[in-house]
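Report on one structure; see the data block that follows.
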Amino acid sequence: MSIWKTLRTAVESLSHSKLRSLLTILGIVIGVTAVIIVFALGTGATQSVRQRFQYLGSNQLQINPRPVENRSREKPITVEEALGMESLPLVKGVHVSLTGTKTAVNGFVKLDINLVGTVAPTAEELAQKEENSNWSLAKGDPFTREDVEYESRVCILGSTVAQQLFLDEDPVGQTISINGIPFLVIGVFTEKPSTGPADPNKFIRIPITTAAAELFGRDASVSVTADIVSEDKLGEATTEIATYLRQRHSIDMASGQEDDFSISSFEAQAKAAMESARTFSSLLSGLAAVSLLVGGIGIMNIMLVSVSERTREIGIRKAVGANHGDIIKQFLLEATILSLAGGLLGIAIGIGAIPVINRYSQGLFAAFAWQSVPLAFTFSVLVGIVFGFYPAQRASRLNPIEALRHE
Amino acid sequence: MMLSTPVIETKSLSKEYGIGEIKVYALKEVSIKVERGEFVAIMGSSGSGKSTLLNLLGCLDRPTSGSYVLDGQDVARLGDKELARIRNRKIGVIFQTFNLLPRLSAQRNVELPLSYSRDEKRNHDLRARELLEMVGLGKRLRHMPTEMSGGEQQRVAIARALVNDPSIILADEPTGNLDSATGKEVMALLRQVIEEGRTLVMVTHDKAIGGQSDRIIWLRDGALSAGEF
C-alpha cells in the first residue's frame, strides 16, 4: 500500500474515535510541554546570568559583611573602610551606597523620600549616554570627589522630589532640610521611566560620607563592589582586600580567628547561578522523561485495544491481499500520528506557557529555545514508533481466518 | 487442445486442531482436483469441514499436512508475502457475511485489494467504478455498507473479489444471509462471472444451488464422502 493511502487510512481510523485519541496523547502532550519548558528555563537562566555579567562586569569583586560565631567580634564594613579600598594598588575604584527612607522639608512642604548616599561619578560615568546613565542631570551639576572627601552637605533631587518640594521654582541654589539637617540643592536628575509600582524619581542623592556622618552613623555597614585593574588580577586583589580588612578589623588569622567579611567574584556567583539552573533543568528533564514514558505506554495500551477491536478489519485486509508489512505499517503509522499530534500540541502549550511563567512565577525566567522544537518533535515520533511497534506486530501476526472469525 | 493441468490440486490435505493430547481433525486427507473454468460446489452438513477446505484453498489458513498446488505453485512452501500476493492477485473471496469494511464507502471497499497490489499505474478509481457498474451499483459508489441491503453488500463484495481480475473465485455460502430472490440475483451474477473463464469453488448447503454447478464435492466429518461423482 502506498504511504499516502496508508496515511489516509490511519487518519480516518483515528478521527473515528476523536475523544479517545485525545486522551491517549495526553501523556505525550505533558511530556513534550515539559521538554519545551525545561529548555526555556535553561535558556532563561543562562540569559539572565549573562545579563548580570554584562551589567556588573567580570573584573569586579563583591565584598560583604559576614556573621561570625563570636558575635562580639563582628565589625561592620564602614564607608570609611570601603573608600579606603580605593587606595589599594589593585583596586581601580569602588561602588558603594547607603540607602534609607528620610524626611525632606522645604518651608511648609514635608516629604518622605528615599535617601541614597553614593560616591562621586567617575569620568566614565559622566561620559555615558543619557539613557543608561545614573548621573544624567536636568539642572545643575553632580557632586565631586572633594564633596565626598569633605562630607559636604549638598544634594541632588529626583524629579518627583524637585516638583513636590519646589513646584515651579528652580531648586538649584536653594536649601532644604533632611531629617533637620540643612542641605544645599546643587542639581536635579532627569526623569527616569517608571518600571514598577514604586516611583523611581522620588529620591535624593547625597555624598556617601555625608550620609554616614549625618544620617546613618559612621559605623553603618555597607556592601562594596570593587573594580579591579584587570580580570587576571582578581585572585591577588582578593588577598589584598582581605589583608586590608583583617588589619582594620584586627583579625588574627594565625590564632584561628574567622573573617567577618566575604569576598566573591561575579564569575563565581555566575557559576553558582548556572549550576542551580542546571540542577533545576535536570530535575524537569526527569519529569519529562517519565511523562513521555507514561505517554508511550498509554499509546501502546490504546493501540493494543485498537488491535483487538479491529481484528476483523485486519482479517478482511489480509484476506484481500495485505501482508505483514502492510498491517505493521498501518498500525505503526497510527501510533506515530497519535504521538506526533501529542507532540505538536505539547509544543504549542509549552510555547504558550513561557509568558505565563514569566508573568506569574518569581525568580524563574523562561526564554523560548528554538532547538527544543526539533528535539520535542523527534522525541514524540520516537515514542510513537517504539511503543507502537509491539501492538503493530501483534496485529500483523494474526492469522487471516482467525481474525475473520473474530466477532 | 486441452492441457489438463488442474488449477487446484490438493493431496492428503489435513487440518487438525490440537487441544493437549487430543487432536481433532477439521479436515482429513482430502485430495481434490479442480480444472480451469470449472464451477465446483462443496457440500456437506455443518461441521463437515467445507469451510475449512475453502479457507485452505483461499490461502487464508495453513494446512497441518498435505500439499496444495495452485496454478502450478506449491503453496505450502510459500511465506507470508507470497501468500498475501496470491490472495491479492489470483483469488477473489466472497463470504457469507460479506466482510466489507464498515467505515469505507462501497467504492473504497472495492478499491481495497488494488491498494495492496503495488500497481500504482492502474487507475484505482476508474477500475472500482467499472466493477460497481458491472454489478449494478454504479449509482451507489459513495454509500456506506450500513446504508445498503444485504444483496447490495454482497454485490459490493463480488465487485471487490473481481477487482484484481483473479482466475479463481472462492465463495463461502454467498447466498446464506440473503432471501431467496436476492440469492438468485447473486447467483446469476456469479454465473456471469464464470462465463468469462474463471474457476468458481463454492461452499453451500443449498442443493438447488449445488445443482447449478458442474460438479459437487461431498464432505463428511472432514473427509471426502461417497456422495462425490
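If you're wondering about the labels, chains in the C-alpha cells are A, B, ... by order shown, residues count from 1 in each chain, ligands from 1 in order shown.
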For this session: Taking only C-alpha atoms into account, report as a count of residues only which residues of chain B lie within 8 Å of chain A.
Result: 23
| field | Test item: residues at most 6 Å from region 228-237 of chain A, only C-alpha atoms, excluding those fewer than 4 positions along its chain, as a list in words | value |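 Near region 228-237 of chain A, the qualifying residues are Asn59, Gln60, Leu90, Val91 and Lys92 of chain A.
All residues of region 246-361 of chain A that DSSP, run on the backbone, classes as strand (DSSP E) are Phe261, Ser262, Ile263, Ser264 and Ser265 of chain A.
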Worksheet item: Contacts of Gly66 (chain B) at 7 Å or less, counting only C-alpha atoms, minus same-chain residues fewer than 2 places along, as a ChimeraX atom specification?
Response: /B:11-14,63,68
Using only C-alpha atoms, please write the residues we just selected to a file, as a PDB file, in the first residue's frame.
ATOM      1  CA  LYS B  11      -3.038 -34.179  -1.942  1.00  0.00           C
ATOM      2  CA  SER B  12      -3.917 -35.562   1.501  1.00  0.00           C
ATOM      3  CA  LEU B  13      -4.714 -32.095   2.738  1.00  0.00           C
ATOM      4  CA  SER B  14      -5.341 -32.181   6.514  1.00  0.00           C
ATOM      5  CA  PRO B  63      -2.826 -26.931   6.401  1.00  0.00           C
ATOM      6  CA  TYR B  68      -1.706 -27.834  -2.236  1.00  0.00           C
TER       7      TYR B  68
END
**OP:** Among the residues of region 155-267 of chain A, find those DSSP assigns to alpha helix (DSSP H) from the backbone and print them as a PyMOL selection string.
**Re:** chain A and resi 159-166+208-210+234-248+266-267
Once you have the residues from the selection above, write them out as a CSV table (one decimal), in the first residue's frame, restricted to C-alpha atoms.
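File written: selection-v1.csv
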chain,number,residue,atom,x,y,z
A,159,SER,CA,12.4,64.9,39.6
A,160,THR,CA,9.4,64.0,41.7
A,161,VAL,CA,11.1,65.4,44.8
A,162,ALA,CA,12.0,68.6,43.0
A,163,GLN,CA,8.5,69.1,41.7
A,164,GLN,CA,6.8,68.4,45.1
A,165,LEU,CA,9.1,70.5,47.2
A,166,PHE,CA,9.5,73.4,44.8
A,208,ILE,CA,28.0,58.8,50.9
A,209,THR,CA,30.4,60.2,53.6
A,210,THR,CA,27.9,62.9,54.4
A,234,LEU,CA,41.2,39.0,40.8
A,235,GLY,CA,43.0,36.5,43.0
A,236,GLU,CA,45.7,38.9,44.0
A,237,ALA,CA,43.2,41.7,44.6
A,238,THR,CA,41.1,39.4,46.8
A,239,THR,CA,44.2,38.8,49.0
A,240,GLU,CA,45.0,42.5,49.0
A,241,ILE,CA,41.4,43.5,50.2
A,242,ALA,CA,41.3,40.7,52.7
A,243,THR,CA,44.6,41.7,54.2
A,244,TYR,CA,43.4,45.3,54.4
A,245,LEU,CA,40.1,44.5,56.1
A,246,ARG,CA,41.8,42.0,58.6
A,247,GLN,CA,44.2,44.7,59.6
A,248,ARG,CA,41.3,47.2,60.1
A,266,PHE,CA,30.9,37.8,40.0
A,267,GLU,CA,32.3,35.0,37.9
